[in-house]
>>> print(open('my_file_19.txt').read())   # compact mmCIF, C-alpha atoms
# COMPACT_ATOMS: atom_id res chain seq x y z
CA GLN A 8 8.38 -3.30 -14.30
CA GLN A 9 6.78 -5.07 -11.36
CA GLN A 10 9.32 -5.21 -8.54
CA VAL A 11 7.30 -7.69 -6.53
CA LYS A 12 5.42 -10.50 -8.29
CA GLN A 13 2.43 -12.00 -6.52
CA SER A 14 0.38 -15.12 -7.20
CA PRO A 15 -2.26 -16.31 -7.50
CA GLN A 16 -4.50 -13.48 -8.64
CA SER A 17 -7.48 -15.08 -6.92
CA LEU A 18 -8.02 -17.95 -4.52
CA ILE A 19 -11.09 -19.75 -3.25
CA VAL A 20 -10.93 -22.05 -0.22
CA GLN A 21 -13.37 -23.74 2.09
CA LYS A 22 -13.68 -22.58 5.68
CA GLY A 23 -10.89 -24.15 7.72
CA GLY A 24 -8.58 -24.45 4.72
CA ILE A 25 -5.08 -22.97 4.52
CA PRO A 26 -4.75 -20.52 1.64
CA ILE A 27 -1.19 -19.75 0.58
CA ILE A 28 -0.21 -16.61 -1.30
CA ASN A 29 3.23 -16.34 -2.84
CA CYS A 30 5.46 -13.42 -3.68
CA ALA A 31 8.84 -13.11 -5.35
CA TYR A 32 11.28 -10.26 -5.72
CA GLU A 33 14.57 -9.58 -7.48
CA ASN A 34 16.09 -6.60 -5.70
CA THR A 35 18.34 -7.86 -2.90
CA ALA A 36 18.30 -4.37 -1.37
CA PHE A 37 14.78 -5.02 -0.06
CA ASP A 38 14.91 -5.50 3.69
CA TYR A 39 11.33 -5.41 4.95
CA PHE A 40 8.43 -7.50 3.68
CA PRO A 41 4.91 -6.67 4.91
CA TRP A 42 1.54 -8.12 4.07
CA TYR A 43 -1.55 -5.96 3.89
CA GLN A 44 -5.22 -6.93 4.01
CA GLN A 45 -7.77 -4.82 2.19
CA PHE A 46 -11.55 -5.00 2.28
CA PRO A 47 -13.60 -3.47 -0.56
CA GLY A 48 -13.70 0.32 -0.45
CA LYS A 49 -11.25 0.49 2.46
CA GLY A 50 -7.58 1.29 2.82
CA PRO A 51 -5.09 -1.57 3.27
CA ALA A 52 -4.34 -2.60 6.85
CA LEU A 53 -0.95 -3.92 7.91
CA LEU A 54 -1.33 -7.60 8.77
CA ILE A 55 2.13 -8.97 9.45
CA ALA A 56 5.68 -8.24 8.36
CA ILE A 57 9.06 -9.94 8.31
CA ARG A 58 12.71 -8.98 8.03
CA PRO A 59 15.12 -11.11 5.97
CA ASP A 60 17.07 -12.29 9.00
CA VAL A 61 14.31 -14.75 9.97
CA SER A 62 12.69 -17.53 7.96
CA GLU A 63 9.26 -17.53 9.57
CA LYS A 64 7.00 -15.29 11.60
CA LYS A 65 3.62 -16.12 13.13
CA GLU A 66 0.94 -13.78 14.40
CA GLY A 67 -2.26 -15.53 15.35
CA ARG A 68 -3.53 -17.47 12.34
CA PHE A 69 -1.20 -15.68 9.91
CA THR A 70 2.29 -16.94 9.09
CA ILE A 71 4.94 -15.54 6.78
CA SER A 72 7.53 -17.93 5.37
CA PHE A 73 10.64 -16.30 3.96
CA ASN A 74 13.25 -17.86 1.69
CA LYS A 75 16.10 -15.41 1.26
CA SER A 76 18.12 -17.51 -1.18
CA ALA A 77 15.11 -17.99 -3.47
CA LYS A 78 13.97 -14.39 -2.97
CA GLN A 79 10.48 -15.59 -2.18
CA PHE A 80 8.04 -15.15 0.67
CA SER A 81 4.55 -16.38 1.29
CA LEU A 82 1.54 -15.84 3.52
CA HIS A 83 -0.31 -18.77 5.07
CA ILE A 84 -3.68 -18.33 6.75
CA MET A 85 -4.47 -21.13 9.18
CA ASP A 86 -8.06 -22.21 9.83
CA SER A 87 -9.37 -19.64 7.36
CA GLN A 88 -12.73 -18.02 8.06
CA PRO A 89 -15.29 -16.26 5.84
CA GLY A 90 -14.24 -12.99 7.52
CA ASP A 91 -10.78 -13.45 6.00
CA SER A 92 -12.28 -12.89 2.55
CA ALA A 93 -10.40 -9.85 1.30
CA THR A 94 -7.62 -8.82 -1.06
CA TYR A 95 -4.11 -9.45 0.22
CA PHE A 96 -1.06 -7.53 -0.93
CA CYS A 97 2.55 -8.38 -0.34
CA ALA A 98 5.11 -5.62 -0.46
CA ALA A 99 8.81 -5.01 -0.14
CA SER A 100 10.64 -1.97 1.11
CA ARG A 101 14.07 -0.48 0.76
CA ARG A 102 15.68 2.72 1.89
CA VAL A 103 15.52 5.48 -0.70
CA THR A 104 17.39 8.62 0.33
CA GLY A 105 16.22 8.12 3.90
CA ALA A 106 12.61 7.22 3.14
CA ASN A 107 11.12 3.76 3.16
CA ASN A 108 9.18 3.21 -0.03
CA LEU A 109 6.94 0.23 -0.42
CA PHE A 110 6.70 -1.74 -3.66
CA PHE A 111 3.48 -3.71 -3.83
CA GLY A 112 2.46 -6.93 -5.51
CA THR A 113 -0.67 -6.91 -7.65
CA GLY A 114 -2.87 -8.47 -4.98
CA THR A 115 -4.70 -11.75 -4.37
CA ARG A 116 -8.42 -11.81 -3.91
CA LEU A 117 -9.23 -14.47 -1.33
CA THR A 118 -12.70 -15.93 -0.92
CA VAL A 119 -13.39 -18.25 1.99
CA ILE A 120 -16.56 -20.27 1.48
CA PRO A 121 -18.56 -21.10 4.64
CA ASP B 10 -8.97 8.62 18.26
CA GLY B 11 -5.80 8.69 16.18
CA GLY B 12 -5.67 7.93 12.51
CA ILE B 13 -5.55 9.09 8.93
CA THR B 14 -8.52 10.78 7.34
CA GLN B 15 -9.10 11.30 3.66
CA SER B 16 -11.84 13.38 2.21
CA PRO B 17 -14.05 13.14 0.37
CA LYS B 18 -14.67 9.40 0.02
CA TYR B 19 -16.01 9.86 -3.52
CA LEU B 20 -15.10 12.67 -5.89
CA PHE B 21 -16.36 13.38 -9.38
CA ARG B 22 -14.77 15.84 -11.79
CA LYS B 23 -14.98 16.81 -15.40
CA GLU B 24 -12.00 16.21 -17.62
CA GLY B 25 -9.65 19.18 -17.75
CA GLN B 26 -10.27 20.28 -14.15
CA ASN B 27 -7.70 20.13 -11.39
CA VAL B 28 -8.85 18.47 -8.17
CA THR B 29 -7.29 18.33 -4.71
CA LEU B 30 -7.57 15.33 -2.42
CA SER B 31 -7.21 15.86 1.30
CA CYS B 32 -5.12 13.75 3.70
CA GLU B 33 -4.81 14.54 7.40
CA GLN B 34 -3.16 12.52 10.17
CA ASN B 35 -3.11 13.03 13.93
CA LEU B 36 -0.56 10.30 14.61
CA ASN B 37 2.34 12.75 14.81
CA HIS B 38 4.01 10.85 11.97
CA ASP B 39 6.86 12.53 10.12
CA ALA B 40 6.51 10.75 6.78
CA MET B 41 3.47 10.74 4.50
CA TYR B 42 2.80 9.04 1.19
CA TRP B 43 0.32 9.05 -1.68
CA TYR B 44 -0.47 5.90 -3.63
CA ARG B 45 -2.71 5.19 -6.56
CA GLN B 46 -4.59 1.89 -6.81
CA ASP B 47 -5.95 0.52 -10.06
CA PRO B 48 -7.67 -2.86 -10.52
CA GLY B 49 -5.14 -5.64 -10.92
CA GLN B 50 -2.13 -3.36 -10.48
CA GLY B 51 -1.61 -3.09 -6.77
CA LEU B 52 -0.56 0.21 -5.27
CA ARG B 53 1.87 2.57 -6.93
CA LEU B 54 3.69 5.42 -5.21
CA ILE B 55 2.94 8.93 -6.46
CA TYR B 56 4.74 11.21 -3.97
CA TYR B 57 6.19 10.98 -0.50
CA SER B 58 7.30 13.44 2.13
CA GLN B 59 9.72 12.80 4.96
CA ILE B 60 9.36 16.16 6.70
CA VAL B 61 7.48 19.42 6.40
CA ASN B 62 8.29 21.50 3.32
CA ASP B 63 10.01 18.57 1.64
CA PHE B 64 8.65 15.96 -0.76
CA GLN B 65 9.95 13.59 -3.42
CA LYS B 66 8.51 12.06 -6.57
CA GLY B 67 7.53 8.42 -6.55
CA ASP B 68 7.19 6.10 -9.51
CA ILE B 69 4.20 7.79 -11.16
CA ALA B 70 4.39 11.49 -10.24
CA GLU B 71 3.59 12.90 -13.69
CA GLY B 72 0.35 14.87 -13.66
CA TYR B 73 0.27 15.17 -9.85
CA SER B 74 1.47 17.77 -7.37
CA VAL B 75 1.68 17.88 -3.57
CA SER B 76 2.50 20.24 -0.74
CA ARG B 77 3.57 19.67 2.87
CA GLU B 78 3.10 22.92 4.74
CA LYS B 79 2.03 21.24 7.97
CA LYS B 80 3.17 17.99 9.55
CA GLU B 81 -0.36 16.63 9.74
CA SER B 82 -1.46 17.48 6.20
CA PHE B 83 -0.34 16.23 2.78
CA PRO B 84 -2.83 17.23 0.04
CA LEU B 85 -2.57 15.78 -3.46
CA THR B 86 -3.62 17.72 -6.56
CA VAL B 87 -4.55 15.75 -9.63
CA THR B 88 -3.94 18.09 -12.53
CA SER B 89 -5.45 18.12 -15.99
CA ALA B 90 -2.11 16.79 -17.24
CA GLN B 91 -2.78 13.39 -15.66
CA LYS B 92 -3.98 11.28 -18.57
CA ASN B 93 -5.86 8.61 -16.62
CA PRO B 94 -6.90 10.20 -13.31
CA THR B 95 -9.80 7.89 -12.49
CA ALA B 96 -8.54 5.66 -9.66
CA PHE B 97 -8.63 4.93 -5.94
CA TYR B 98 -6.17 7.20 -4.11
CA LEU B 99 -4.65 6.17 -0.81
CA CYS B 100 -2.71 8.26 1.67
CA ALA B 101 -0.37 6.66 4.19
CA SER B 102 1.95 7.74 6.95
CA SER B 103 4.80 6.34 8.99
CA THR B 104 6.67 7.44 12.07
CA GLY B 105 9.75 8.39 10.12
CA ALA B 106 12.40 7.31 7.72
CA GLY B 107 13.82 4.79 10.16
CA VAL B 108 10.52 2.98 10.67
CA TYR B 109 9.11 0.78 7.97
CA GLU B 110 5.48 0.34 8.97
CA GLN B 111 3.08 2.43 6.92
CA TYR B 112 -0.53 3.00 7.93
CA PHE B 113 -3.19 3.82 5.36
CA GLY B 114 -6.22 6.05 5.28
CA PRO B 115 -9.62 4.92 3.95
CA GLY B 116 -9.00 6.25 0.44
CA THR B 117 -10.71 8.57 -2.03
CA ARG B 118 -12.27 7.23 -5.20
CA LEU B 119 -11.87 9.80 -7.96
CA THR B 120 -13.91 9.56 -11.14
CA VAL B 121 -13.15 11.89 -14.03
CA THR B 122 -15.49 11.98 -16.99
>>> encode(input="my_file_19.txt", output="structure tokens")
Amino acid sequence: QQQVKQSPQSLIVQKGGIPIINCAYENTAFDYFPWYQQFPGKGPALLIAIRPDVSEKKEGRFTISFNKSAKQFSLHIMDSQPGDSATYFCAASRRVTGANNLFFGTGTRLTVIP
Amino acid sequence: DGGITQSPKYLFRKEGQNVTLSCEQNLNHDAMYWYRQDPGQGLRLIYYSQIVNDFQKGDIAEGYSVSREKKESFPLTVTSAQKNPTAFYLCASSTGAGVYEQYFGPGTRLTVT
């Protein structure tokens, strides 16, 4: 059972466009929501993360919007560039006997066309 | 230059053989994790360890084993009992149980034929 549902599976935008990737979760015990960026053959890199006590967080061109009541969060990439072409994963974390285990979405492959 | 190293980058094994994947970190992180990545399925947790000499099963631990004899090392053994071992394996670490951010290594692609 997928604890975090991510859409779309793939996304193609023109340079300068604003791709939006959406995620939804059911478990209200989740209290940390990161986004990871992964290039082919590489490990994921932490991009930005949010806690449920805020509705939005911006870091550079990347913004997370968080809707606690709807149990949804999304990633927006402003002024997208070809170098942003990668696979993006959302995740959610909750405490499990003192550890912090991440539950990942299935990923969105983003292609930014020059 | 701090980080997480995984070796080798590519690994090939015959079916029925056990294989051990290496993960080393020099970040002085307490917690370490192993994930498996398959196309279209995201990352799934295999095992995690909060401290030396302690580890817990994740969601898909069957057919895998780990050890944590040193803080900086968390090797994963893929046993012959793992029915579909071919995958991309990722190791991660975090400062400790109270810190959420996890940092990933470059991964090992295992192919079993």
>>> atom_distance(input="my_file_19.txt", atom1="CA of Ser102 (chain B)", atom2="CA of Ser74 (chain B)")
17.5 Å
>>> atom_distance(input="my_file_19.txt", atom1="CA of Ala90 (chain B)", atom2="CA of Gly25 (chain B)")
7.9 Å
>>> closest_residue(input="my_file_19.txt", among="B:Tyr112, B:Ala40, B:Glu24, B:Tyr19", to="Val61 (chain B)", atoms="only C-alpha atoms")
B:Ala40
>>> closest_residue(input="my_file_19.txt", among="B:Gly49, B:Pro17, B:Gly72, B:Gly12", to="chain A", atoms="all atoms listed in the file")
B:Gly49
>>> atom_distance(input="my_file_19.txt", atom1="CA of Pro89 (chain A)", atom2="CA of Asn29 (chain A)")
20.5 Å
>>> build_atoms(input="my_file_19.txt", residues="region 78-91 of chain A", atoms="N, CA, C and O atoms", output="PDB file, keeping the file's coordinate frame")
ATOM      1  N   LYS A  78      14.604 -15.698  -2.858  1.00  0.00           N
ATOM      2  CA  LYS A  78      13.970 -14.390  -2.970  1.00  0.00           C
ATOM      3  C   LYS A  78      12.459 -14.543  -3.098  1.00  0.00           C
ATOM      4  O   LYS A  78      11.829 -13.976  -4.016  1.00  0.00           O
ATOM      5  N   GLN A  79      11.913 -15.337  -2.180  1.00  0.00           N
ATOM      6  CA  GLN A  79      10.480 -15.590  -2.180  1.00  0.00           C
ATOM      7  C   GLN A  79       9.951 -15.516  -0.754  1.00  0.00           C
ATOM      8  O   GLN A  79      10.671 -15.834   0.211  1.00  0.00           O
ATOM      9  N   PHE A  80       8.701 -15.106  -0.627  1.00  0.00           N
ATOM     10  CA  PHE A  80       8.040 -15.150   0.670  1.00  0.00           C
ATOM     11  C   PHE A  80       6.566 -15.415   0.461  1.00  0.00           C
ATOM     12  O   PHE A  80       6.023 -15.133  -0.622  1.00  0.00           O
ATOM     13  N   SER A  81       5.939 -15.989   1.450  1.00  0.00           N
ATOM     14  CA  SER A  81       4.550 -16.380   1.290  1.00  0.00           C
ATOM     15  C   SER A  81       3.765 -16.153   2.574  1.00  0.00           C
ATOM     16  O   SER A  81       4.334 -16.091   3.671  1.00  0.00           O
ATOM     17  N   LEU A  82       2.474 -16.017   2.405  1.00  0.00           N
ATOM     18  CA  LEU A  82       1.540 -15.840   3.520  1.00  0.00           C
ATOM     19  C   LEU A  82       0.657 -17.087   3.605  1.00  0.00           C
ATOM     20  O   LEU A  82       0.082 -17.508   2.608  1.00  0.00           O
ATOM     21  N   HIS A  83       0.571 -17.641   4.807  1.00  0.00           N
ATOM     22  CA  HIS A  83      -0.310 -18.770   5.070  1.00  0.00           C
ATOM     23  C   HIS A  83      -1.362 -18.317   6.089  1.00  0.00           C
ATOM     24  O   HIS A  83      -1.009 -17.694   7.092  1.00  0.00           O
ATOM     25  N   ILE A  84      -2.620 -18.672   5.814  1.00  0.00           N
ATOM     26  CA  ILE A  84      -3.680 -18.330   6.750  1.00  0.00           C
ATOM     27  C   ILE A  84      -4.256 -19.631   7.298  1.00  0.00           C
ATOM     28  O   ILE A  84      -4.909 -20.386   6.568  1.00  0.00           O
ATOM     29  N   MET A  85      -3.993 -19.893   8.554  1.00  0.00           N
ATOM     30  CA  MET A  85      -4.470 -21.130   9.180  1.00  0.00           C
ATOM     31  C   MET A  85      -5.952 -21.022   9.531  1.00  0.00           C
ATOM     32  O   MET A  85      -6.431 -19.927   9.872  1.00  0.00           O
ATOM     33  N   ASP A  86      -6.651 -22.161   9.440  1.00  0.00           N
ATOM     34  CA  ASP A  86      -8.060 -22.210   9.830  1.00  0.00           C
ATOM     35  C   ASP A  86      -8.825 -21.002   9.268  1.00  0.00           C
ATOM     36  O   ASP A  86      -9.422 -20.209  10.017  1.00  0.00           O
ATOM     37  N   SER A  87      -8.781 -20.831   7.977  1.00  0.00           N
ATOM     38  CA  SER A  87      -9.370 -19.640   7.360  1.00  0.00           C
ATOM     39  C   SER A  87     -10.875 -19.555   7.628  1.00  0.00           C
ATOM     40  O   SER A  87     -11.577 -20.564   7.738  1.00  0.00           O
ATOM     41  N   GLN A  88     -11.333 -18.321   7.743  1.00  0.00           N
ATOM     42  CA  GLN A  88     -12.730 -18.020   8.060  1.00  0.00           C
ATOM     43  C   GLN A  88     -13.332 -17.134   6.972  1.00  0.00           C
ATOM     44  O   GLN A  88     -12.604 -16.410   6.293  1.00  0.00           O
ATOM     45  N   PRO A  89     -14.660 -17.141   6.834  1.00  0.00           N
ATOM     46  CA  PRO A  89     -15.290 -16.260   5.840  1.00  0.00           C
ATOM     47  C   PRO A  89     -14.900 -14.794   6.018  1.00  0.00           C
ATOM     48  O   PRO A  89     -14.789 -14.047   5.043  1.00  0.00           O
ATOM     49  N   GLY A  90     -14.655 -14.361   7.256  1.00  0.00           N
ATOM     50  CA  GLY A  90     -14.240 -12.990   7.520  1.00  0.00           C
ATOM     51  C   GLY A  90     -12.857 -12.652   6.994  1.00  0.00           C
ATOM     52  O   GLY A  90     -12.481 -11.480   6.953  1.00  0.00           O
ATOM     53  N   ASP A  91     -12.101 -13.688   6.596  1.00  0.00           N
ATOM     54  CA  ASP A  91     -10.780 -13.450   6.000  1.00  0.00           C
ATOM     55  C   ASP A  91     -10.888 -13.109   4.517  1.00  0.00           C
ATOM     56  O   ASP A  91      -9.868 -12.765   3.887  1.00  0.00           O
TER      57      ASP A  91
END
